[in-house]
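To keep things clear, I will list the structure first and then write my remarks on it.
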Amino acid sequence: MGNFFKVKLSGLIIVSIFVILIIFSGCSQKEYPPADLVLLNGDIYTVDPNNPEARALVITGNRIIAVCKKDKEARKYIGEKTRVIDLGGKFVTPGIIDGHVHFNRAGALINDANLMTVSDKEGLRKEISRVAGILEDGEWITEGLWGAYEQWALADAGEKKSEKMELWRPSRYMIDDLTPDNPCFLCRFDYKEWLANTAALKAAGLERGKLKGMEIGKDGKPTGIIFPASPAFDRIRKARKPKSHKRLLDENRAALRALREAGIVEVHDIETPSQTKRFIELQENGELTCRVWLRPDLSRGAGLKEKGFTMGLHPKTKEKDIWLRYGALKGYIDGIMGTHGALFFEPYDDQPDNYGHWRRHTSDDPGYKNGNMEKMYKLIKVGIEGGFVPNVHAIGTRGVAEMLDLYERLKNEGVDLKGFRVIHAQVLRPQDFARFKALNVIAEVNPYHISDDMRWMEERIGHERCKGAYAFKSLLDNGAMLSFGSDWPGTSAALYFMHPKYLIYAAVARKTLKGTPEGGWFPEQRISVEEAIKAFTINNAYAAFEENIRGSLVEGKIADITVFDRNLLKIPEEEILKVEAIYTIIDGKIVFEKK
């Protein structure tokens with residue numbers, strides 16, 4: 001009998017083990033369903049403090065379903081239809097989010113004239129020839145902004161030519177043979193001179209004329225130079241043919257291509273209504289390869305509220321949308337450093353009577369004269385009532401201080417300041433660094449400005465004030481959150497690159513593209529690559545109120561991923577400028593793959 005029970009017990013144990021194996025076998029099938037995309041053999045920086053490094057990622061649909069320390073863990077998710085990419089040790093980060101672009105202008109500097117670095121005949125002809133080859137006959141070639149780097153060369157660290165130098169001046173004869181069928185109306189970077197080719201003069205009926213505002217050469221004929229605010233200028237402006245809808249869409253497509261080739265998955269765009277319509281069209285056509293967080297002007301808050309729009313809603317459907325949606329409202333306090341317009345408590349060193357200027361919102365807005373911020377306060381309050389947060393441009397020490405004062409007033413009234421930003425926060429007083437953390441306000445900064453603006457910063461505001469310029473380390477040391485944005489494509493006086501390598505290099509090295517000055521400009525303000533990547537990813541997701549679903553490589557988050565050809569955390573700083581994106585993945589789909 002004892003043996004019988006022993007045999008029976010042994011049988012039950014065997015059966016039980018068999019049943020358990022079957023159960024666990026079934027669980028195994030459920031635990032490792034075939035994925036859509038598996039990335040193996042990567043050097044992955046997740047920006048997740050609980051799991052900062054990984055080797056492989058598993059993606060199903062638009063979500064990350066596994067972040068794996070070893071490739072063998074990810075291989076369990078590979079099925080017949082799974083796309084598997086061996087990254088060969090390439091560097092992976094969360095998708096790069098550019099926190100500040102002017103998208104509607106970016107494509108124009110790709111498909112239209114970009115003369116910012118041009119100050120000679122050869123450069124002019126090369127660029128105009130390129131653009132004429134893109135456009136159809138009859139299309140106008142416009143803007144250009146020639147000479148922006150004539151006095152201070154691109155990538156110089158303050159080495160400028162003589163102030164008494166005679167600026168280069170083009171003539172229509174330099175480009176007439178290249179543009180017989182494309183009228184040109186090109187401007188100098190300061191808009192004080194324009195160049196009209198013969199085709200443009202003919203379109204305006206001025207090829208033989210001597211209307212006021214036209215420069216006449218020694219031969220008695222127009223040189224093509226036109227001066228603004230003149231009858232000749234108005235005549236050509238009225239004759240100028242607007243860009244066709246197709247041309248504008250082509251410019252948008254060029255900008256989208258540039259963004260995905262740079263590894264950028266989202267932009268926070270300074271919105272214009274006409275561009276928003278094109279975004280909608282591109283999305284409906286399946287051509288929107290970058291997420292867009294739209295930032296309308298602060299003055300439009302009341303109108304958007306009346307129409308039922310709020311933050312996070314699609315500009316056409318009014319439904320929640322993760323690709324195209326309204327974000328914050330963009331306001332302005334002051335001008336920019338490039339035109340001596342940033343607002344300071346003390347005057348500019350090179351213009352002793354100039355303190356900068358208060359910025360106007362609309363054509364009938366007198367601005368905030370004598371520091372009266374009541375209009376700004378009322379606009380922000382209306383926006384808050386409509387469900388929008390403010391992101392306000394403030395550059396000079398007074399501009400930033402005035403904005404922080406206003407935010408402090410709102411906080412004292414009980415307003416939650418999450419998502420509120422000071423855009424640029426370019427030059428700060430020592431006492432203002434700690435206020436960002438105290439108020440929970442984001443410092444939205446533009447690192448590449450360092451590499452470009454150091455050309456003339458110390459001449460304009462002096463060495464002492466420059467200690468607080470682009471002072472990212474001081475902001476971080478005082479607990480502030482940094483949001484990185486490129487300000488692409490730049491201002492009329494400066495060309496800003498949007499590829500993340502330029503911004504990271506500027507923040508980490510604080511040098512020009514030529515690698516000067518040695519040791520960096522105010523090197524005590526250098527930050528780490530890790531801090532820079534964080535400002536480009538999880539911080540910008542937080543700034544858009546989406547840090548719980550995006551911004552880091554965590555199981556369950558949306559699969560927005562950038563893959564670079566070398567590890568930014570390990571290479572020497574001078575090699576950062578050689579980094580290229582090789583994969584851009586948005587919503588789990590590969591939108592760019594470097595061949």
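How things are named: the first chain in the structure tokens is A, the next is B, and so on; residues count from 1 in each chain; ligands count from 1 in the order shown.
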
For region 241-263 of chain A versus region 137-141 of chain A, which residues have an atom no more than 12 Å away, and what is each residue's nearest atom pair and distance in Å rounded to one decimal, using only C-alpha atoms, chain-then-number order, as a tab-separated table?
```
residue	atom	partner	partner_atom	distance
A:Lys241	CA	A:Trp140	CA	6.5
A:Pro242	CA	A:Trp140	CA	7.8
A:Lys243	CA	A:Glu139	CA	7.3
A:Ser244	CA	A:Glu139	CA	8.4
A:His245	CA	A:Glu139	CA	11.9
A:Lys246	CA	A:Glu139	CA	11.4
A:Arg247	CA	A:Glu139	CA	9.0
A:Leu248	CA	A:Glu139	CA	11.7
```

Could you save the residues just selected, with C-alpha atoms, as a short mmCIF file (atom, residue, chain, number, x, y, z; two decimals), in the first residue's frame?
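Result file again20.cif:
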```cif
data_model
loop_
_atom_site.label_atom_id
_atom_site.label_comp_id
_atom_site.auth_asym_id
_atom_site.auth_seq_id
_atom_site.Cartn_x
_atom_site.Cartn_y
_atom_site.Cartn_z
CA LYS A 241 4.22 88.11 -57.52
CA PRO A 242 3.33 86.26 -54.32
CA LYS A 243 4.59 82.74 -53.88
CA SER A 244 2.26 80.10 -55.24
CA HIS A 245 0.63 77.61 -52.89
CA LYS A 246 2.64 74.82 -54.51
CA ARG A 247 5.89 76.72 -53.95
CA LEU A 248 5.08 77.29 -50.28
#
```

Find the residues around Pro33 (chain A) up to 12 Å (only C-alpha atoms counted), leave out those fewer than 5 positions away in its own chain, and share them as a PDB file with N, CA and C atoms, in the first residue's frame.
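Generated file (result-v4.pdb):
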```
ATOM      1  N   GLY A  26       2.152  28.803 -22.194  1.00  0.00           N
ATOM      2  CA  GLY A  26       1.143  29.720 -22.702  1.00  0.00           C
ATOM      3  C   GLY A  26       1.452  31.149 -22.327  1.00  0.00           C
ATOM      4  N   CYS A  27       1.932  31.375 -21.077  1.00  0.00           N
ATOM      5  CA  CYS A  27       2.284  32.727 -20.642  1.00  0.00           C
ATOM      6  C   CYS A  27       3.417  33.271 -21.482  1.00  0.00           C
ATOM      7  N   SER A  28       4.341  32.381 -21.826  1.00  0.00           N
ATOM      8  CA  SER A  28       5.485  32.823 -22.625  1.00  0.00           C
ATOM      9  C   SER A  28       5.025  33.375 -23.958  1.00  0.00           C
ATOM     10  N   VAL A  58      12.248  47.358 -28.122  1.00  0.00           N
ATOM     11  CA  VAL A  58      11.201  46.605 -28.805  1.00  0.00           C
ATOM     12  C   VAL A  58       9.995  47.518 -28.977  1.00  0.00           C
ATOM     13  N   ILE A  59       9.476  47.597 -30.214  1.00  0.00           N
ATOM     14  CA  ILE A  59       8.401  48.542 -30.538  1.00  0.00           C
ATOM     15  C   ILE A  59       7.261  47.806 -31.219  1.00  0.00           C
ATOM     16  N   THR A  60       6.064  48.037 -30.729  1.00  0.00           N
ATOM     17  CA  THR A  60       4.861  47.529 -31.366  1.00  0.00           C
ATOM     18  C   THR A  60       3.899  48.684 -31.546  1.00  0.00           C
ATOM     19  N   ILE A  65       7.570  48.660 -26.084  1.00  0.00           N
ATOM     20  CA  ILE A  65       7.014  47.625 -25.199  1.00  0.00           C
ATOM     21  C   ILE A  65       8.090  46.944 -24.363  1.00  0.00           C
ATOM     22  N   ALA A  66       9.371  47.192 -24.700  1.00  0.00           N
ATOM     23  CA  ALA A  66      10.435  46.636 -23.872  1.00  0.00           C
ATOM     24  C   ALA A  66      11.721  47.423 -24.085  1.00  0.00           C
ATOM     25  N   ALA A  74      15.483  41.007 -26.209  1.00  0.00           N
ATOM     26  CA  ALA A  74      14.678  41.604 -27.278  1.00  0.00           C
ATOM     27  C   ALA A  74      14.379  40.611 -28.384  1.00  0.00           C
ATOM     28  N   ARG A  75      15.274  39.653 -28.595  1.00  0.00           N
ATOM     29  CA  ARG A  75      15.074  38.671 -29.683  1.00  0.00           C
ATOM     30  C   ARG A  75      13.831  37.823 -29.461  1.00  0.00           C
ATOM     31  N   LYS A  76      13.365  37.713 -28.231  1.00  0.00           N
ATOM     32  CA  LYS A  76      12.168  36.935 -27.935  1.00  0.00           C
ATOM     33  C   LYS A  76      10.925  37.528 -28.604  1.00  0.00           C
ATOM     34  N   TYR A  77      11.016  38.798 -28.983  1.00  0.00           N
ATOM     35  CA  TYR A  77       9.860  39.472 -29.594  1.00  0.00           C
ATOM     36  C   TYR A  77       9.903  39.436 -31.130  1.00  0.00           C
ATOM     37  N   ILE A  78      10.894  38.786 -31.679  1.00  0.00           N
ATOM     38  CA  ILE A  78      11.041  38.770 -33.139  1.00  0.00           C
ATOM     39  C   ILE A  78      10.141  37.702 -33.749  1.00  0.00           C
ATOM     40  N   GLY A  79       9.282  38.119 -34.675  1.00  0.00           N
ATOM     41  CA  GLY A  79       8.420  37.202 -35.406  1.00  0.00           C
ATOM     42  C   GLY A  79       8.704  37.276 -36.890  1.00  0.00           C
ATOM     43  N   GLU A  80       7.878  36.623 -37.663  1.00  0.00           N
ATOM     44  CA  GLU A  80       8.093  36.577 -39.114  1.00  0.00           C
ATOM     45  C   GLU A  80       8.041  37.958 -39.754  1.00  0.00           C
ATOM     46  N   LYS A  81       7.193  38.842 -39.241  1.00  0.00           N
ATOM     47  CA  LYS A  81       7.007  40.159 -39.861  1.00  0.00           C
ATOM     48  C   LYS A  81       7.732  41.282 -39.112  1.00  0.00           C
ATOM     49  N   THR A  82       8.505  40.919 -38.114  1.00  0.00           N
ATOM     50  CA  THR A  82       9.234  41.930 -37.341  1.00  0.00           C
ATOM     51  C   THR A  82      10.411  42.464 -38.146  1.00  0.00           C
TER      52      THR A  82
END
```

key: Residues within 8 Å of Lys501 (chain A), only C-alpha atoms, excluding chain neighbours under 2 positions, as a count of residues only   = 9

key: Proximity to Lys318 (chain A) - best of A:Lys305, A:Thr491, A:Pro94, A:Pro170, only C-alpha atoms   = A:Lys305

query = Using only C-alpha atoms, which of A:Trp293, A:Phe436, A:Trp194, A:Trp456 sits nearest Ser230 (chain A)?
reply = A:Trp194

task = Extract, using only C-alpha atoms, all DNA, RNA and protein residues at most 9 Å from Gly468 (chain A), discarding same-chain residues fewer than 5 positions from it, and format them as an MDAnalysis selection string.
result = chainID A and resid 397 426:430 474

task = Apply DSSP to the structure's backbone, then extract all residues of region 320-514 of chain A labelled strand (DSSP E) and return them as a ChimeraX atom specification.
result = /A:324-326,329-332,390-394,421-424,442-445,481-484,490-491,494-495

request  = Please provide as a PyMOL selection string all residues within 8 Å of region 561-565 of chain A, with the sequence filter that same-chain residues fewer than 5 positions apart are discarded (counting only C-alpha atoms).
outcome  = chain A and resi 90-96+263-265+553+579-586

For C-alpha atoms, I'd like the residues from the last selection saved as an mmCIF file, in the first residue's frame.
```
data_model
loop_
_atom_site.group_PDB
_atom_site.id
_atom_site.type_symbol
_atom_site.label_atom_id
_atom_site.label_comp_id
_atom_site.auth_asym_id
_atom_site.auth_seq_id
_atom_site.Cartn_x
_atom_site.Cartn_y
_atom_site.Cartn_z
ATOM 1 C CA LYS A 90 25.261 53.262 -32.748
ATOM 2 C CA PHE A 91 24.089 55.828 -30.188
ATOM 3 C CA VAL A 92 20.374 56.018 -29.400
ATOM 4 C CA THR A 93 18.499 58.787 -27.594
ATOM 5 C CA PRO A 94 14.860 59.709 -27.135
ATOM 6 C CA GLY A 95 13.618 61.625 -30.168
ATOM 7 C CA ILE A 96 15.110 65.110 -30.321
ATOM 8 C CA GLY A 263 16.972 63.453 -36.120
ATOM 9 C CA ILE A 264 14.288 65.888 -34.964
ATOM 10 C CA VAL A 265 10.902 64.370 -34.131
ATOM 11 C CA LEU A 553 12.904 55.639 -23.651
ATOM 12 C CA VAL A 579 27.781 63.670 -35.573
ATOM 13 C CA GLU A 580 24.979 62.732 -37.967
ATOM 14 C CA ALA A 581 21.565 61.141 -37.489
ATOM 15 C CA ILE A 582 21.208 57.756 -39.173
ATOM 16 C CA TYR A 583 17.647 56.887 -38.127
ATOM 17 C CA THR A 584 14.717 59.082 -37.134
ATOM 18 C CA ILE A 585 11.764 57.143 -35.743
ATOM 19 C CA ILE A 586 8.459 58.847 -34.980
#
```

Give me every helix (DSSP H, G or I) residue in region 398-450 of chain A, going by DSSP on the backbone, as a PDB file with C-alpha atoms, in the first residue's frame.
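Wrote it out as selection-v9.pdb, contents follow:
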```
ATOM      1  CA  ARG A 398      15.511  94.125 -17.800  1.00  0.00           C
ATOM      2  CA  GLY A 399      13.361  92.141 -20.214  1.00  0.00           C
ATOM      3  CA  VAL A 400      13.963  88.927 -18.254  1.00  0.00           C
ATOM      4  CA  ALA A 401      13.516  90.614 -14.864  1.00  0.00           C
ATOM      5  CA  GLU A 402      10.240  92.252 -15.916  1.00  0.00           C
ATOM      6  CA  MET A 403       8.915  88.905 -17.137  1.00  0.00           C
ATOM      7  CA  LEU A 404       9.875  87.125 -13.931  1.00  0.00           C
ATOM      8  CA  ASP A 405       8.212  89.908 -11.940  1.00  0.00           C
ATOM      9  CA  LEU A 406       4.993  89.377 -13.868  1.00  0.00           C
ATOM     10  CA  TYR A 407       5.132  85.600 -13.420  1.00  0.00           C
ATOM     11  CA  GLU A 408       5.703  86.129  -9.698  1.00  0.00           C
ATOM     12  CA  ARG A 409       2.614  88.335  -9.563  1.00  0.00           C
ATOM     13  CA  LEU A 410       0.584  85.556 -11.190  1.00  0.00           C
ATOM     14  CA  LYS A 411       1.951  82.945  -8.782  1.00  0.00           C
ATOM     15  CA  ASN A 412       1.001  85.122  -5.838  1.00  0.00           C
ATOM     16  CA  PRO A 430      22.939  87.349 -10.735  1.00  0.00           C
ATOM     17  CA  GLN A 431      19.839  87.753  -8.566  1.00  0.00           C
ATOM     18  CA  ASP A 432      17.515  86.364 -11.236  1.00  0.00           C
ATOM     19  CA  PHE A 433      19.002  82.868 -11.693  1.00  0.00           C
ATOM     20  CA  ALA A 434      17.315  81.386  -8.627  1.00  0.00           C
ATOM     21  CA  ARG A 435      13.929  82.838  -9.528  1.00  0.00           C
ATOM     22  CA  PHE A 436      13.299  80.285 -12.300  1.00  0.00           C
ATOM     23  CA  LYS A 437      13.277  77.395  -9.813  1.00  0.00           C
ATOM     24  CA  ALA A 438      11.356  79.412  -7.213  1.00  0.00           C
ATOM     25  CA  LEU A 439       8.622  80.182  -9.720  1.00  0.00           C
ATOM     26  CA  TYR A 448      23.820  77.978 -30.840  1.00  0.00           C
ATOM     27  CA  HIS A 449      23.380  81.690 -30.176  1.00  0.00           C
ATOM     28  CA  ILE A 450      26.572  81.377 -28.113  1.00  0.00           C
TER      29      ILE A 450
END
```

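Distances from A:Gly396, A:Pro390, A:Asp250, A:Glu524 to Gly356 (chain A) were compared using only C-alpha atoms, and the smallest one belongs to A:Gly396.
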
task = Please provide as a list of chain:residue names all residues within 8 Å of region 108-114 of chain A, with the sequence filter that same-chain residues fewer than 4 positions apart are discarded (counting only C-alpha atoms).
result = A:Asn104, A:Glu127, A:Ile128, A:Val131, A:Ile134, A:Ile141, A:Thr142, A:Glu143, A:Gly144, A:Leu145, A:Trp146, A:Asp250, A:Glu251, A:Ala254, A:Ala255, A:Pro489

Any chance you can output those residues with C-alpha atoms as a compact mmCIF listing (two decimals), in the first residue's frame?
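Dumped everything to again-v7.txt:
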```
# COMPACT_ATOMS: atom_id res chain seq x y z
CA ASN A 104 7.36 79.14 -42.17
CA GLU A 127 23.37 81.17 -54.83
CA ILE A 128 21.08 82.87 -57.36
CA VAL A 131 17.69 79.02 -56.73
CA ILE A 134 14.77 75.16 -58.57
CA ILE A 141 13.46 85.21 -56.03
CA THR A 142 13.15 87.22 -52.83
CA GLU A 143 14.69 88.19 -49.48
CA GLY A 144 18.29 86.90 -49.33
CA LEU A 145 19.70 89.08 -46.49
CA TRP A 146 23.11 89.58 -48.06
CA ASP A 250 7.54 72.69 -51.52
CA GLU A 251 9.36 74.95 -49.06
CA ALA A 254 12.18 70.92 -47.82
CA ALA A 255 12.07 72.02 -44.18
CA PRO A 489 16.44 79.57 -39.34
```

task = May I have the residues within 12 Å of Asn539 (chain A) as number ranges by chain, using only C-alpha atoms and disregarding those fewer than 2 positions away in the same chain?
result = A: 47-48, 94-99, 419, 421, 442-445, 480-485, 531-537, 541-548, 550-552

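Interatomic distance, CA of Gly308 (chain A) to CA of Gly387 (chain A): 10.1 Å.
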
key: Interatomic distance, CA of Asp71 (chain A) to CA of Val591 (chain A) (Å, one decimal)   = 23.8 Å
